[in-house]
Amino acid sequence: MRQHQVIIIGGGLAGMRAAQKAQEMGADVAMISKIYPTRSHSAAAQGGVQAAVSEGDSWEAHAYDTVKGSDYLGDQDAIEILCSEAPGDIYALERMGVIFNRNDDGTIDARAFGGTSVNRTCFVADQTGQVLLHVMWEQLLKSGLTTYSEWFVTKLLVEDNKIAGCIALEIPTGKVEVFRAKSIILATGGIGQVYNPTTNGLVVTADGQALAYQAGATLMDMEAVQHHPTTMKANGVLITEGARGEGAFLLNSNGERFMDKYAPNMKELASRDVVSRAETMEIREGRGIDGCVLLDLRHLGRDLIMTKLAQIYELARDYANTNILEAPVPIQPGHHYIMGGIKTDVDGRTWDATGQGRWQGVEGLFAAGECANVSVHGGNRLGGNSLLDTIVFGKRSGAGATEYANANDWAPISEEAELADQEGSIQGIFGRPADGLRSSTLRFEMGNAMNDGIAVFRTEEGMTAALNSVRDIKERYPNVSVHNKGRVFNTDLLSVLELGYMLDVAEVIAVSAINRKESRGAHAREDYPDRNDEEYLKHTIVHRGGDGDPVLDYLPVTMTKWEPQVRSY
Amino acid sequence: MDVTLKVKRYDPETDESAHFEEYQVDLPEYGAVLDGLLSIRDEQDGSLSMRCSCRSAICGSCAMKINGKSRLACKTMVSQLKELEGDVISVEPMGNQPVIKDLVVNMDMFWDKVNAVQPYLQPEGPVPDKEYLVSNDSMMELAVAMNCIMCGACVSDCTVLEVDKGFLGPAALAKAFRFAGDPRDGHKQGRLQLYTEPNGVWDCTRCFMCVSACPKDVAPMERIMDVRAMAMDAGLTNTRGARHVDAFASSVKHSGRLNELGLAMKTFGLFRAGIELAPMGIRRLLKRRLPPLMHKKIATAKNIGRLFDKLGV
C-alpha cells in the first residue's frame, strides 16, 4: 500500500496548481494521472485567461461580466474570489515563466473575448493553455513532486463518510494498488467524450465526476453543458474565441454578418450560449452551408493571423482543408465544456463544512477545475474563465486539502479485501466472451444520443429520448467485453471502465436537464424559452440514491451585490 | 476513402518479437492516420495499444513512425499520404526508445533528459510585485521553443541518439534554449556551461532529421545552434565544439581551405588527438584517405581573408 497525506487525481492545470500549493505548505503530496501531465487537455485551451490586469479595468467589472455571463446562476461569493484573486495569480504564473504577449511597456497584454466589457484576456498567441500547462509542469519538476503518471483510478475508498484513499491501476503493467490518503483532490477535467462530437480529447471521460458521485458526493447544475460556437465539422476540433476576439466575422450563406440581429452591441463577441444559438437558428432557417456557418478571418491580415492565431491557421489547413488567409472556414457549435460538476465550497470541499448538511459530500474529498462546480460559471461560462478557475481554485483546494490532512487522522483501509474486489471485477470483464459487445459501440450510441437531445436547443421530448437511450445503454453495459485480456497497456480495458464512468454522468446530465423547466445560459429550452427566476433561480443538485438512481434536490444561489437583470449583449 | 494500414504489433506477454499486421479501414475525406488506428481499435481489434488524446496536435501523445518517418498520427492526413507515398501506410512505434506494447514506447529516458537541462525559470534578484517587464519580441522569440509539445518525434528520428544514448537530444536542448534565452532568467552563464558539457549542444551533427520530424516547427537543431552561438558569445570557447568552430573558421580564413590535421589537433588538443584519433588515422592511411600532412593555401587565400575581415569575424 502506498501512502501520501494529500493525493491529487488528475495532472492538468487544476491538479498541478493544487499539488504546488500543497507542497508549498509542507504536505507529503502525490499526483496520480492517467496520462503524462503534459498530455492533459488543459493544453488545448487556446485563447487565453481572464484577469483584470489592464489599466482602467477592475476585478469588480470582471465579476459583473461573469455573473451576467452565468445568467445569474453563478454563486457571487465564489465569483468575487475568482475575479479578485485573478490578477495576483496571473502575475504569479508570469513570474514562474509564462511568456504572455506584452504591451509596449512590457506589461501583460490582453485581448477581447466574448461577453467581456473590456479587453481582459491575457494570452500567449493561441496556445495559452499549453504554455500554462507546461510552466506548471516545469515548476513540479523543479520541486520534485511525486507523480504517478499513467495510473488510472478505479475507485475512491470511503470509510464512515470520510475519505480513506483510492485504488489505481498502473497502465503500463496492469498492476493494481491501494493508495492511502488523508485528503484527496479530484482534478480530472471535463466530460467531453459523453458527447459526440466534442472539442475535448479522447481522455476526457468524466472520471472525477463519476468517482465522486459513486462515492456519495453531490453533482450540481449538470444540465449546464456548453457548446462552443466555433468548432470544425470534420472532427469537432476547436477554433479559439480569440479569432473573434481579434475581429473575425461570422457569416451565413448570404454573406451576412448575422450576429447584428441577435446581439446588436457585442455581435460576434456576445457570450458563447448566445452565439451558438444564433448560429443554430441561421442553419435551421436555411442560411447555413452543409450544417455550418462561416468564420471569416481574411480581413485580419497575414501578420496578425500568423503571429496571434498561428495554431488555428494550421488546424483549419489540416482538418478543413481551408487557408484562412484566403477563405472563410466552415464552423458549427459543438460540445466544449460543462459548467456543472462536483459541488464544492470556495476551498474545494465537497462536503458542507458548516455542519448544516445542506448537501451530501465526503469529508476529506476535494475537487477543482472543470470537474468541480464552485460555482463560478453558473449557466454559461465566459471564455478565458476556465483556465482562471483551474488556477485560483486549484490553489485554494490544495490549501484546503493540506489543512484538512494536518487536522485529521488516517481512516482505516482493508487493503486485501479492496484489492481482491478490484481484481475480481477486472477478471469479470476478461471473463466475458471476446466477440461480445464493444465499448466503442455503446460510447458512440451515448455520444450521439446526448448530442441529439441535450445540445444547443432542448425540448422535453428530445431530452427524454436521450435519457432513455442512456438508461438502455446502461442496461447493456454489463455485457461489454474486451479483445485484450493481457495486463500491459490494456487500453481496451480502460475504455470499458471509462464508459462506465460516462454513463453514470450522462444519466445525471439528462435527469438534471429535464428537471429544469426554464431557459438559463446554455440550457435553452424551446418548450420553456424564458428564464424563470421565481421558480428556478436555484442550483440543481443530484446525489446517488440507495438504489443507484439519481436523487434530485436544490440549493439556493448565493447573491452578494448583483440582482438578476434581463441579459442582453 | 479505403486505406491499408500496416501496423507493427508487439505484446510482451505473448509475442517473442514484433510483427506487422494489415488492416483495411474506410475513412472520411479528412481522416488522419490516428482516425484509422482508432477505427481499428474500436471495430476490428481492441488489443491495439497506442497513446492519443487531443486529435489536434497539441497534447503530444501520438508521435509514431508513419511510413518510416516520425510524425503525429493525428496531424498526418491519410489522403496526402496516399497521394504522395502510396496506398499502403506503415505505422510503427517511435525509435530510440524501448517499446512497451504495440505503438507505445517507454519515454522515461526522454523525460529524464528534459529534466537534466533544469527546465524551469530561475530568476535572480528582487521579485517584482506584478510581472517582470520584458519586451514582446523577447517573449515571442521564446514562443518558437514553447511550441514544443514534448511528443518525442525529434528524439525518435535523432541520428546521434542512435549511436550515443548519452546525448541530451533535440527536445531537451530546444527546452534548454527556451531558458537560456529568457531575459527573466538569472542563471544564463551556468546554463550555458551545463549545455556545452559533453552530451550537450556540441554533440549534435546537424543532420536536420529533428527539424524535418518536428510537427510544431520548433526546429530543434536551429535552437541547438542558437545555444551554441549564445555560449560562444558568452565566452565559453574552451570546449571541443567551440574550438572546432574556431579552428574551422581560422583555417578557411587564412588558407582558403580546411586544414584537417590542424582542425583535429586544435579541437582535441595535440595529445588527445594523438590518442583518440590514431585508430581512425591508421584506417584512413590504409585506405589512402589521409589528409595531406603539409597544408597548402589556395592561390586566392588573401581574398577569402578579406571576406572574413569585411564580415568582422
# chains A, B, ... in the order shown; residues from 1 in each chain; ligands from 1
call {"tool": "residues_around", "arguments": {"residues": "range 302-313 of chain A", "least_positions_apart": "6", "cutoff": "10 Å", "atoms": "only C-alpha atoms", "output": "ChimeraX atom specification"}}
result
/A:46-47,101,123-127,237-240,242-243,246,322-326 /B:56-58,140,147,216
call {"tool": "write_last_selection", "arguments": {"atoms": "N, CA, C and O atoms", "output": "mmCIF file, in the first residue's frame"}}
result
data_model
loop_
_atom_site.group_PDB
_atom_site.id
_atom_site.type_symbol
_atom_site.label_atom_id
_atom_site.label_comp_id
_atom_site.auth_asym_id
_atom_site.auth_seq_id
_atom_site.Cartn_x
_atom_site.Cartn_y
_atom_site.Cartn_z
ATOM 1 N N GLN A 46 -6.970 27.552 -26.010
ATOM 2 C CA GLN A 46 -6.168 28.336 -26.955
ATOM 3 C C GLN A 46 -6.130 29.817 -26.600
ATOM 4 O O GLN A 46 -5.070 30.416 -26.486
ATOM 5 N N GLY A 47 -7.308 30.405 -26.411
ATOM 6 C CA GLY A 47 -7.427 31.859 -26.483
ATOM 7 C C GLY A 47 -6.823 32.660 -25.360
ATOM 8 O O GLY A 47 -6.216 33.696 -25.576
ATOM 9 N N ASN A 101 1.950 37.426 -24.169
ATOM 10 C CA ASN A 101 2.138 38.556 -25.084
ATOM 11 C C ASN A 101 2.150 39.851 -24.268
ATOM 12 O O ASN A 101 1.474 39.944 -23.257
ATOM 13 N N PHE A 123 -2.938 36.384 -22.818
ATOM 14 C CA PHE A 123 -2.774 35.296 -23.774
ATOM 15 C C PHE A 123 -1.321 35.099 -24.181
ATOM 16 O O PHE A 123 -0.488 35.991 -24.033
ATOM 17 N N VAL A 124 -1.057 33.888 -24.665
ATOM 18 C CA VAL A 124 0.189 33.607 -25.370
ATOM 19 C C VAL A 124 -0.239 33.117 -26.748
ATOM 20 O O VAL A 124 -0.653 31.975 -26.893
ATOM 21 N N ALA A 125 -0.207 34.027 -27.741
ATOM 22 C CA ALA A 125 -0.695 33.729 -29.088
ATOM 23 C C ALA A 125 -2.014 32.965 -28.984
ATOM 24 O O ALA A 125 -2.926 33.411 -28.293
ATOM 25 N N ASP A 126 -2.127 31.798 -29.645
ATOM 26 C CA ASP A 126 -3.345 30.995 -29.466
ATOM 27 C C ASP A 126 -2.974 29.631 -28.900
ATOM 28 O O ASP A 126 -3.511 28.610 -29.277
ATOM 29 N N GLN A 127 -2.012 29.663 -27.958
ATOM 30 C CA GLN A 127 -1.580 28.429 -27.314
ATOM 31 C C GLN A 127 -1.464 28.631 -25.804
ATOM 32 O O GLN A 127 -0.595 28.049 -25.154
ATOM 33 N N VAL A 237 -12.890 19.665 -33.662
ATOM 34 C CA VAL A 237 -11.778 20.380 -33.030
ATOM 35 C C VAL A 237 -12.086 21.883 -32.944
ATOM 36 O O VAL A 237 -12.754 22.464 -33.799
ATOM 37 N N LEU A 238 -11.583 22.479 -31.864
ATOM 38 C CA LEU A 238 -11.883 23.871 -31.518
ATOM 39 C C LEU A 238 -11.137 24.887 -32.384
ATOM 40 O O LEU A 238 -9.967 24.707 -32.704
ATOM 41 N N ILE A 239 -11.839 25.978 -32.698
ATOM 42 C CA ILE A 239 -11.170 27.197 -33.188
ATOM 43 C C ILE A 239 -11.399 28.270 -32.133
ATOM 44 O O ILE A 239 -12.537 28.558 -31.766
ATOM 45 N N THR A 240 -10.337 28.862 -31.657
ATOM 46 C CA THR A 240 -10.435 29.727 -30.480
ATOM 47 C C THR A 240 -11.377 30.910 -30.659
ATOM 48 O O THR A 240 -11.498 31.483 -31.743
ATOM 49 N N GLY A 242 -10.579 33.536 -29.506
ATOM 50 C CA GLY A 242 -9.607 34.584 -29.808
ATOM 51 C C GLY A 242 -9.707 35.054 -31.259
ATOM 52 O O GLY A 242 -9.382 36.208 -31.570
ATOM 53 N N ALA A 243 -10.155 34.176 -32.147
ATOM 54 C CA ALA A 243 -10.308 34.582 -33.555
ATOM 55 C C ALA A 243 -11.310 35.727 -33.639
ATOM 56 O O ALA A 243 -11.055 36.758 -34.257
ATOM 57 N N GLU A 246 -10.035 38.851 -31.959
ATOM 58 C CA GLU A 246 -9.144 39.660 -32.793
ATOM 59 C C GLU A 246 -9.910 40.321 -33.944
ATOM 60 O O GLU A 246 -9.331 41.049 -34.733
ATOM 61 N N THR A 322 -8.709 24.360 -45.453
ATOM 62 C CA THR A 322 -9.008 25.768 -45.724
ATOM 63 C C THR A 322 -7.811 26.638 -45.351
ATOM 64 O O THR A 322 -7.253 26.501 -44.267
ATOM 65 N N ASN A 323 -7.447 27.528 -46.260
ATOM 66 C CA ASN A 323 -6.435 28.523 -45.951
ATOM 67 C C ASN A 323 -7.169 29.763 -45.454
ATOM 68 O O ASN A 323 -7.787 30.487 -46.235
ATOM 69 N N ILE A 324 -7.115 30.002 -44.136
ATOM 70 C CA ILE A 324 -7.930 31.084 -43.563
ATOM 71 C C ILE A 324 -7.471 32.473 -44.002
ATOM 72 O O ILE A 324 -8.167 33.449 -43.795
ATOM 73 N N LEU A 325 -6.285 32.560 -44.621
ATOM 74 C CA LEU A 325 -5.847 33.851 -45.169
ATOM 75 C C LEU A 325 -6.664 34.192 -46.408
ATOM 76 O O LEU A 325 -6.814 35.352 -46.776
ATOM 77 N N GLU A 326 -7.182 33.151 -47.069
ATOM 78 C CA GLU A 326 -7.840 33.360 -48.361
ATOM 79 C C GLU A 326 -9.320 33.024 -48.388
ATOM 80 O O GLU A 326 -10.033 33.434 -49.300
ATOM 81 N N SER B 56 -5.704 17.098 -32.092
ATOM 82 C CA SER B 56 -5.445 18.369 -32.742
ATOM 83 C C SER B 56 -3.999 18.848 -32.530
ATOM 84 O O SER B 56 -3.745 20.034 -32.459
ATOM 85 N N ALA B 57 -3.077 17.924 -32.408
ATOM 86 C CA ALA B 57 -1.644 18.240 -32.420
ATOM 87 C C ALA B 57 -1.212 19.171 -31.296
ATOM 88 O O ALA B 57 -0.357 20.032 -31.488
ATOM 89 N N ILE B 58 -1.822 19.030 -30.105
ATOM 90 C CA ILE B 58 -1.394 19.886 -29.001
ATOM 91 C C ILE B 58 -1.023 19.090 -27.749
ATOM 92 O O ILE B 58 -0.269 19.573 -26.905
ATOM 93 N N MET B 140 8.261 36.533 -27.679
ATOM 94 C CA MET B 140 7.824 35.802 -28.864
ATOM 95 C C MET B 140 8.962 35.000 -29.504
ATOM 96 O O MET B 140 8.735 34.014 -30.172
ATOM 97 N N ASN B 147 6.472 26.215 -28.392
ATOM 98 C CA ASN B 147 5.587 25.415 -29.234
ATOM 99 C C ASN B 147 5.776 23.929 -29.025
ATOM 100 O O ASN B 147 4.933 23.133 -29.414
ATOM 101 N N LYS B 216 5.664 20.796 -34.901
ATOM 102 C CA LYS B 216 5.263 22.113 -34.417
ATOM 103 C C LYS B 216 6.246 23.210 -34.831
ATOM 104 O O LYS B 216 6.243 24.300 -34.253
#
call {"tool": "residues_around", "arguments": {"residues": "Cys204 in chain B", "least_positions_apart": "5", "cutoff": "8 Å", "atoms": "only C-alpha atoms", "output": "count of residues only"}}
result
4
call {"tool": "interface_residues", "arguments": {"of": "chain A", "to": "chain B", "cutoff": "6 Å", "atoms": "only C-alpha atoms", "output": "PyMOL selection string"}}
result
chain A and resi 39+91+97+99+101-102+106-107+138+201-203+440+483-484+492
call {"tool": "residues_around", "arguments": {"residues": "range 164-176 of chain A", "least_positions_apart": "2", "cutoff": "7 Å", "atoms": "only C-alpha atoms", "output": "PyMOL selection string"}}
result
chain A and resi 150-159+162+178-182+410-413+487-490
call {"tool": "write_last_selection", "arguments": {"atoms": "C-alpha atoms", "output": "PDB file, in the first residue's frame"}}
result
ATOM      1  CA  GLU A 150      -0.269   6.556 -16.393  1.00  0.00           C
ATOM      2  CA  TRP A 151      -2.125   5.284 -13.326  1.00  0.00           C
ATOM      3  CA  PHE A 152      -5.901   5.019 -13.676  1.00  0.00           C
ATOM      4  CA  VAL A 153      -8.045   5.464 -10.562  1.00  0.00           C
ATOM      5  CA  THR A 154     -10.833   2.892 -10.378  1.00  0.00           C
ATOM      6  CA  LYS A 155     -12.417   3.734  -7.029  1.00  0.00           C
ATOM      7  CA  LEU A 156     -12.375   6.142  -4.104  1.00  0.00           C
ATOM      8  CA  LEU A 157     -12.189   4.452  -0.723  1.00  0.00           C
ATOM      9  CA  VAL A 158     -14.549   5.950   1.847  1.00  0.00           C
ATOM     10  CA  GLU A 159     -14.876   4.876   5.472  1.00  0.00           C
ATOM     11  CA  LYS A 162     -14.523  10.098   5.314  1.00  0.00           C
ATOM     12  CA  VAL A 178      -4.207   0.764  -2.931  1.00  0.00           C
ATOM     13  CA  PHE A 179      -3.246   4.360  -2.140  1.00  0.00           C
ATOM     14  CA  ARG A 180      -3.919   5.669   1.323  1.00  0.00           C
ATOM     15  CA  ALA A 181      -4.549   9.397   1.828  1.00  0.00           C
ATOM     16  CA  LYS A 182      -5.900  11.790   4.414  1.00  0.00           C
ATOM     17  CA  TRP A 410      -5.818   8.315   8.596  1.00  0.00           C
ATOM     18  CA  ALA A 411      -9.039   6.425   8.013  1.00  0.00           C
ATOM     19  CA  PRO A 412      -8.799   2.637   8.110  1.00  0.00           C
ATOM     20  CA  ILE A 413      -8.496   0.613   4.874  1.00  0.00           C
ATOM     21  CA  ARG A 487      -2.243  -6.649 -18.390  1.00  0.00           C
ATOM     22  CA  VAL A 488       0.289  -4.491 -20.258  1.00  0.00           C
ATOM     23  CA  PHE A 489      -1.065  -1.139 -21.500  1.00  0.00           C
ATOM     24  CA  ASN A 490      -4.546  -2.541 -21.934  1.00  0.00           C
TER      25      ASN A 490
END
call {"tool": "select_by_dssp", "arguments": {"residues": "range 354-491 of chain A", "states": "helix (DSSP H, G or I)", "output": "PyMOL selection string"}}
result
chain A and resi 369-371+385-407+415-430+439-453+460-479+491
call {"tool": "atom_distance", "arguments": {"atom1": "CA of Ser425 in chain A", "atom2": "CA of Gly548 in chain A"}}
result
18.1 Å
call {"tool": "atom_distance", "arguments": {"atom1": "CA of Ile81 in chain A", "atom2": "CA of Ala52 in chain A"}}
result
12.8 Å
call {"tool": "select_by_dssp", "arguments": {"residues": "range 4-115 of chain B", "states": "strand (DSSP E)", "output": "MDAnalysis selection string"}}
result
chainID B and resid 4:9 19:26 63:66 69:72 88:92 99:101 104:105
call {"tool": "write_last_selection", "arguments": {"atoms": "N, CA, C and O atoms", "output": "short mmCIF file (atom, residue, chain, number, x, y, z; two decimals), in the first residue's frame"}}
result
data_model
loop_
_atom_site.label_atom_id
_atom_site.label_comp_id
_atom_site.auth_asym_id
_atom_site.auth_seq_id
_atom_site.Cartn_x
_atom_site.Cartn_y
_atom_site.Cartn_z
N THR B 4 -5.07 0.89 -46.51
CA THR B 4 -4.49 -0.25 -45.81
C THR B 4 -3.46 0.27 -44.81
O THR B 4 -2.54 0.99 -45.19
N LEU B 5 -3.65 -0.08 -43.55
CA LEU B 5 -2.66 0.29 -42.53
C LEU B 5 -1.89 -0.97 -42.12
O LEU B 5 -2.50 -1.98 -41.74
N LYS B 6 -0.58 -0.88 -42.25
CA LYS B 6 0.29 -2.00 -41.87
C LYS B 6 0.91 -1.62 -40.53
O LYS B 6 1.77 -0.75 -40.47
N VAL B 7 0.41 -2.22 -39.46
CA VAL B 7 0.75 -1.74 -38.12
C VAL B 7 1.68 -2.73 -37.43
O VAL B 7 1.43 -3.94 -37.42
N LYS B 8 2.75 -2.21 -36.86
CA LYS B 8 3.69 -3.06 -36.13
C LYS B 8 3.12 -3.40 -34.76
O LYS B 8 2.82 -2.51 -33.99
N ARG B 9 2.98 -4.68 -34.49
CA ARG B 9 2.37 -5.14 -33.25
C ARG B 9 3.39 -5.87 -32.39
O ARG B 9 4.22 -6.60 -32.90
N HIS B 19 5.81 -7.93 -35.08
CA HIS B 19 5.43 -8.32 -36.43
C HIS B 19 4.42 -7.31 -36.97
O HIS B 19 3.79 -6.57 -36.20
N PHE B 20 4.27 -7.27 -38.29
CA PHE B 20 3.30 -6.35 -38.89
C PHE B 20 1.96 -7.06 -39.09
O PHE B 20 1.92 -8.24 -39.43
N GLU B 21 0.88 -6.30 -38.85
CA GLU B 21 -0.45 -6.81 -39.22
C GLU B 21 -1.12 -5.78 -40.12
O GLU B 21 -0.97 -4.58 -39.92
N GLU B 22 -1.87 -6.27 -41.11
CA GLU B 22 -2.52 -5.36 -42.05
C GLU B 22 -4.00 -5.22 -41.74
O GLU B 22 -4.67 -6.19 -41.41
N TYR B 23 -4.48 -3.99 -41.83
CA TYR B 23 -5.90 -3.72 -41.57
C TYR B 23 -6.42 -2.84 -42.71
O TYR B 23 -5.74 -1.92 -43.17
N GLN B 24 -7.64 -3.13 -43.15
CA GLN B 24 -8.31 -2.26 -44.13
C GLN B 24 -9.27 -1.36 -43.35
O GLN B 24 -10.07 -1.87 -42.55
N VAL B 25 -9.18 -0.07 -43.60
CA VAL B 25 -10.15 0.82 -42.95
C VAL B 25 -10.75 1.79 -43.96
O VAL B 25 -10.12 2.11 -44.99
N ASP B 26 -11.96 2.24 -43.68
CA ASP B 26 -12.65 3.20 -44.53
C ASP B 26 -12.73 4.51 -43.75
O ASP B 26 -13.28 4.55 -42.66
N ALA B 63 2.88 10.59 -31.27
CA ALA B 63 4.01 10.50 -32.19
C ALA B 63 4.33 9.04 -32.45
O ALA B 63 4.35 8.22 -31.54
N MET B 64 4.54 8.71 -33.71
CA MET B 64 4.90 7.35 -34.09
C MET B 64 5.54 7.41 -35.47
O MET B 64 5.53 8.46 -36.12
N LYS B 65 6.12 6.29 -35.91
CA LYS B 65 6.74 6.29 -37.25
C LYS B 65 5.69 5.91 -38.28
O LYS B 65 5.13 4.82 -38.23
N ILE B 66 5.44 6.83 -39.18
CA ILE B 66 4.47 6.60 -40.23
C ILE B 66 5.23 6.61 -41.55
O ILE B 66 5.90 7.59 -41.86
N LYS B 69 8.85 7.59 -41.03
CA LYS B 69 9.23 8.92 -40.55
C LYS B 69 8.41 9.26 -39.30
O LYS B 69 7.22 8.97 -39.26
N SER B 70 9.03 9.87 -38.30
CA SER B 70 8.31 10.16 -37.07
C SER B 70 7.38 11.35 -37.26
O SER B 70 7.81 12.43 -37.67
N ARG B 71 6.10 11.15 -36.95
CA ARG B 71 5.11 12.22 -37.10
C ARG B 71 4.00 12.00 -36.08
O ARG B 71 3.91 10.93 -35.48
N LEU B 72 3.12 13.00 -35.95
CA LEU B 72 1.94 12.84 -35.12
C LEU B 72 0.86 12.17 -35.96
O LEU B 72 0.53 12.64 -37.05
N VAL B 88 -0.48 1.90 -49.28
CA VAL B 88 -0.30 1.18 -48.02
C VAL B 88 0.51 2.06 -47.07
O VAL B 88 1.57 2.57 -47.43
N ILE B 89 -0.02 2.25 -45.87
CA ILE B 89 0.66 3.11 -44.89
C ILE B 89 1.20 2.24 -43.76
O ILE B 89 0.45 1.48 -43.16
N SER B 90 2.50 2.37 -43.50
CA SER B 90 3.06 1.58 -42.40
C SER B 90 3.11 2.43 -41.14
O SER B 90 3.39 3.63 -41.18
N VAL B 91 2.81 1.82 -40.00
CA VAL B 91 2.80 2.52 -38.72
C VAL B 91 3.61 1.71 -37.71
O VAL B 91 3.35 0.52 -37.50
N GLU B 92 4.62 2.35 -37.13
CA GLU B 92 5.49 1.67 -36.16
C GLU B 92 5.67 2.57 -34.94
O GLU B 92 5.46 3.77 -35.01
N VAL B 99 10.14 -0.27 -26.67
CA VAL B 99 8.70 -0.46 -26.87
C VAL B 99 8.09 -1.15 -25.66
O VAL B 99 8.63 -2.12 -25.14
N ILE B 100 6.95 -0.63 -25.19
CA ILE B 100 6.20 -1.28 -24.11
C ILE B 100 5.22 -2.28 -24.72
O ILE B 100 5.20 -3.45 -24.39
N LYS B 101 4.40 -1.76 -25.62
CA LYS B 101 3.44 -2.62 -26.32
C LYS B 101 3.01 -1.89 -27.60
O LYS B 101 2.75 -0.70 -27.56
N VAL B 104 3.24 1.92 -28.27
CA VAL B 104 3.55 2.65 -27.03
C VAL B 104 5.01 2.41 -26.65
O VAL B 104 5.43 1.27 -26.50
N VAL B 105 5.76 3.50 -26.50
CA VAL B 105 7.16 3.36 -26.08
C VAL B 105 7.33 3.89 -24.66
O VAL B 105 6.53 4.69 -24.17
#
call {"tool": "residues_around", "arguments": {"residues": "Leu132 in chain A", "least_positions_apart": "3", "cutoff": "12 Å", "atoms": "only C-alpha atoms", "output": "ChimeraX atom specification"}}
result
/A:12-14,16-17,38,40-49,89-90,92-100,122-124,126-129,135-139,387-388,390-391 /B:146-147
call {"tool": "residues_around", "arguments": {"residues": "Met109 in chain B", "least_positions_apart": "5", "cutoff": "12 Å", "atoms": "only C-alpha atoms", "output": "ChimeraX atom specification"}}
result
/B:96-98,114-116,152,155-156,161,165-169,171-172
call {"tool": "residues_around", "arguments": {"residues": "Thr350 in chain A", "least_positions_apart": "3", "cutoff": "10 Å", "atoms": "only C-alpha atoms", "output": "number ranges by chain"}}
result
A: 185-186, 212, 216-219, 342-347, 353, 359-368, 372-374
call {"tool": "residues_around", "arguments": {"residues": "range 473-476 of chain A", "least_positions_apart": "4", "cutoff": "12 Å", "atoms": "only C-alpha atoms", "output": "PyMOL selection string"}}
result
chain A and resi 436-447+449+466-469+480-481+499-507+548-549
call {"tool": "atom_distance", "arguments": {"atom1": "CA of Asp233 in chain B", "atom2": "CA of Val201 in chain B"}}
result
14.5 Å
call {"tool": "closest_residue", "arguments": {"among": "B:Val3, B:Leu84, B:Leu263, B:Ala180", "to": "Ala234 in chain B", "atoms": "only C-alpha atoms"}}
result
B:Ala180
call {"tool": "closest_residue", "arguments": {"among": "A:Tyr404, A:Tyr536, A:Ser117, A:Gly545", "to": "Asn265 in chain A", "atoms": "only C-alpha atoms"}}
result
A:Ser117
